[in-house]
Amino acid sequence: MITLHKHITLYIILFSLFAVRVIAQTDTTTVPVKMLVYENLQNRDVLKQFEQRFNEMDELLKNTVIVKAPNLTLGADALAPDATLDSLYTEKGEWETKSFKRRTGLELTGQAYGRLDKATSISHDDDDPYSSYFAKFQAEIGWNFFNSAFYQRKQGIAKIRYANELEHIKASKDKNKAVYEAAENLMTLEYNYYIAIVLYNELKNVDILNQAYQYTLEQDKVSNEKLLENINDKMQLEYTLAQTYDIKDVENEPLYLLNPTIVAVDSVRLFEELDQYNPDLRASYVEENLLDTEKRLTNYGHQMRLSPFLRASTYLRDNASPSTNIDLGVKFTFPLYDESAPKRRALEVEKQIVAEGREALGEQMKAYCRLRLDRINRINKAIRTEAFHIKQLGKFVELRRNAYLNQPNGYNYILRLEEYNEYLKSMERMYKLMLNRTIALLDIQKITNHNQLQSLIIETPVK
C-alpha cells in the first residue's frame with residue numbers, strides 16, 4: 001500500500017507539472033513538447049534508445065566543426081555617415097553662406113509727396129515761386145557698413161558654419177541607434193544558433209534519461225527526487241530552446257566548437273579618442289566654438305548705424321521749372337547705451353557651462369566603459385576556465401567511451417549519457433559567456449560611437 005500510495009502521489013505531481021508546462025507553451029510552436037510521463041515503458045526499448053543515442057553522440061563529437069567566433073564589433077563600413085544627409089547639410093551651408101555674402105549693406109530709399117499748404121493757404125508766398133512746390137520726388141542710396149557682410153566677415157561665415165555643423169551632428173546622432181540594435185540582434189541570433197544546437201542535443205539526452213529514471217523508479221531503483229530533478233531540467237531546456245530557434249533548423253546540424261579567445265581593449269586609447277567619435281562630445285566643442293563666435297560678433301558696432309549716402313531730390317512748382325538737388329552726406333545713430341559687454345559675459349559663462357557639461361559627460365562615459373571593461377575581464381577569466389573544462393571533458397568522454405566498450409559485464413548507461421551532457425553543458429556555458437562579452441563590447445561601442453573599435457582590441461586564442 002505504501003508503494004502504491006507513493007506511485008500515485010508521484011503521478012499526480014508529474015501530471016501537474018506537465019499541465020503547467022503545456023499551458024505555458026500553448027503559444028510556442030518552435031519546440032514540440034514531449035510527454036513528461038511515459039506509459040508502458042519496457043527495459044529493451046529504453047536500452048535501445050541509449051545505444052542509438054551513444055552512437056549519435058560519438059558521431060557528433062567525432063565530426064565537431066571548429067569555427068571562429070562571430071565578429072566582436074561593428075566596422076567603419078557599418079557606421080558609415082549618411083551620404084544623403086551629409087550632402088543636404090553641405091548644400092544648406094553653401095546656400096546660407098551665399099545668402100550672407102549678398103548682404104552688401106547697400107540700401108535704396110525714396111519718397112514722393114505733394115504739399116497741402118497751397119490748398120490751405122498755409123506757408124504760401126505767390127511772390128516767390130521758388131520757395132514753394134506742390135510735389136517732391138527723392139531717391140537715396142546709402143551704405144550701412146556695420147550691418148553688412150563686410151563687417152566681421154570671417155566671424156559671420158564661421159557662425160553659419162558652426163551652426164550648420166551643430167545641427168548636422170544632432171540630426172545624425174540617432175542614425176546609428178538602429179544600426180547597433182540590428183547588430184546586437186544579429187550577433188545574438190548567431191550565437192543562439194550554436195547554443196540551440198547544443199540545447200537540442202542536451203534535450204534529446206535528457207528525454208532518454210527521463211524515460212530511464214521513470215522506468216527505474218517503477219522498479220524501485222531510483223528516488224523521486226532524481227526523476228523530478230531530471231523533469232525540471234527537461235522543462236528548462238524546452239523553455240530556453242523555444243526562445244531561440246525552431247527545432248527543425250537545428251536537429252540535423254553538427255556540433256560547432258567556437259574557438260575560445262581572450263579579448264583585451266586598449267582603454268587608454270579608447271578614452272583619448274572619445275572626443276573624436278562621440279557625437280555629444282563633438283557637438284559640445286562645436287557649440288563652444290559657436291558661442292565664441294557669437295561673443296566676437298557681440299559689440300557696439302552692431303548697435304550703431306553709420307551710413308554714408310548720396311541723395312537726389314526733384315521739386316515740381318507751379319510757376320517755375322522743376323529743380324533737382326544732389327546731396328552727399330552721412331547718417332549716424334549712436335546709442336547712448338552699450339549692452340554688448342554683459343551679453344559677451346553671458347556668452348562666456350554659457351561656454352563654461354558647455355565645457356563643464358562636456359567634462360561630466362566624458363566622465364560618465366568613461367565610468368560606463370570601465371564597468372563594461374571590468375565585465376569583459378571577468379568573462380575572459382570564466383572563458384579561460386570553461387575552455388579548460390571543455391578540453392578536459394572531451395578527453396574524459398573519449399577515455400570513458402573506450403572503457404565502456406571494453407566492459408564485458410556491461411555498464412551504467414545513465415551515467416554514460418550524463419557524462420555526454422556534462423560536455424554539452426560546458427559548451428553551452430562557453431557560448432553564453434562569449435555572447436555576453438560581445439554584447440559588452442557592443443555596449444562600449446554604442447556609448448562611445450567609436451567606429452574603429454576593432455583597432456583597439458587584441459584578441460588572443462586560449463591556450
# chains A, B, ... in the order shown; residues from 1 in each chain; ligands from 1
call {"tool": "residues_around", "arguments": {"residues": "Asn71 in chain A", "least_positions_apart": "5", "cutoff": "10 Å", "atoms": "only C-alpha atoms", "output": "number ranges by chain"}}
result
A: 187, 190, 438, 454
call {"tool": "write_last_selection", "arguments": {"atoms": "C-alpha atoms", "output": "PDB file, in the first residue's frame"}}
result
ATOM      1  CA  MET A 187      25.024  38.751 -33.034  1.00  0.00           C
ATOM      2  CA  GLU A 190      24.371  33.877 -34.492  1.00  0.00           C
ATOM      3  CA  THR A 438      30.355  40.524 -27.345  1.00  0.00           C
ATOM      4  CA  GLN A 454      38.289  46.745 -33.548  1.00  0.00           C
TER       5      GLN A 454
END
call {"tool": "residues_around", "arguments": {"residues": "range 54-68 of chain A", "least_positions_apart": "6", "cutoff": "9 Å", "atoms": "only C-alpha atoms", "output": "list in words"}}
result
Asn201, Pro254, Leu255, Tyr256, Leu257, Leu258, Asn259, Pro260, Gly394, Glu398, Arg401, Arg416, Leu417 and Tyr420 of chain A
call {"tool": "closest_residue", "arguments": {"among": "A:Ala80, A:Ala382, A:Ala178, A:Leu290", "to": "Lys351 in chain A", "atoms": "only C-alpha atoms"}}
result
A:Leu290
call {"tool": "closest_residue", "arguments": {"among": "A:Val462, A:Ala360, A:Val330, A:Leu441", "to": "Arg384 in chain A", "atoms": "only C-alpha atoms"}}
result
A:Val462
call {"tool": "closest_residue", "arguments": {"among": "A:Lys395, A:Tyr133, A:Thr460, A:Leu186", "to": "Thr73 in chain A", "atoms": "only C-alpha atoms"}}
result
A:Leu186
call {"tool": "closest_residue", "arguments": {"among": "A:Thr298, A:Leu393, A:Leu203, A:Ser307", "to": "Asn232 in chain A", "atoms": "only C-alpha atoms"}}
result
A:Leu203
call {"tool": "residues_around", "arguments": {"residues": "range 339-346 of chain A", "least_positions_apart": "4", "cutoff": "12 Å", "atoms": "only C-alpha atoms", "output": "NGL selection string"}}
result
:A and (291-304 or 335 or 350-353)
call {"tool": "residues_around", "arguments": {"residues": "Glu272 in chain A", "least_positions_apart": "4", "cutoff": "12 Å", "atoms": "only C-alpha atoms", "output": "list in words"}}
result
Asp266, Ser267, Val268, Gln276, Tyr277, Asn278, Gly362, Glu363, Lys366, Thr448, His450 and Leu456 of chain A
call {"tool": "select_by_dssp", "arguments": {"residues": "range 262-438 of chain A", "states": "strand (DSSP E)", "output": "PyMOL selection string"}}
result
chain A and resi 262-265+305-316+323-333
call {"tool": "closest_residue", "arguments": {"among": "A:Ile160, A:Ala112, A:Ala440, A:Leu373", "to": "Val265 in chain A", "atoms": "only C-alpha atoms"}}
result
A:Leu373
call {"tool": "select_by_dssp", "arguments": {"residues": "range 106-224 of chain A", "states": "alpha helix (DSSP H)", "output": "ChimeraX atom specification"}}
result
/A:117-120,153-172,175-218,224
call {"tool": "closest_residue", "arguments": {"among": "A:Ser455, A:Val263, A:Ile195, A:Asn230", "to": "Arg429 in chain A", "atoms": "only C-alpha atoms"}}
result
A:Ile195
call {"tool": "atom_distance", "arguments": {"atom1": "CA of Ala182 in chain A", "atom2": "CA of Gln364 in chain A"}}
result
25.0 Å
call {"tool": "atom_distance", "arguments": {"atom1": "CA of Ile376 in chain A", "atom2": "CA of Met430 in chain A"}}
result
13.7 Å
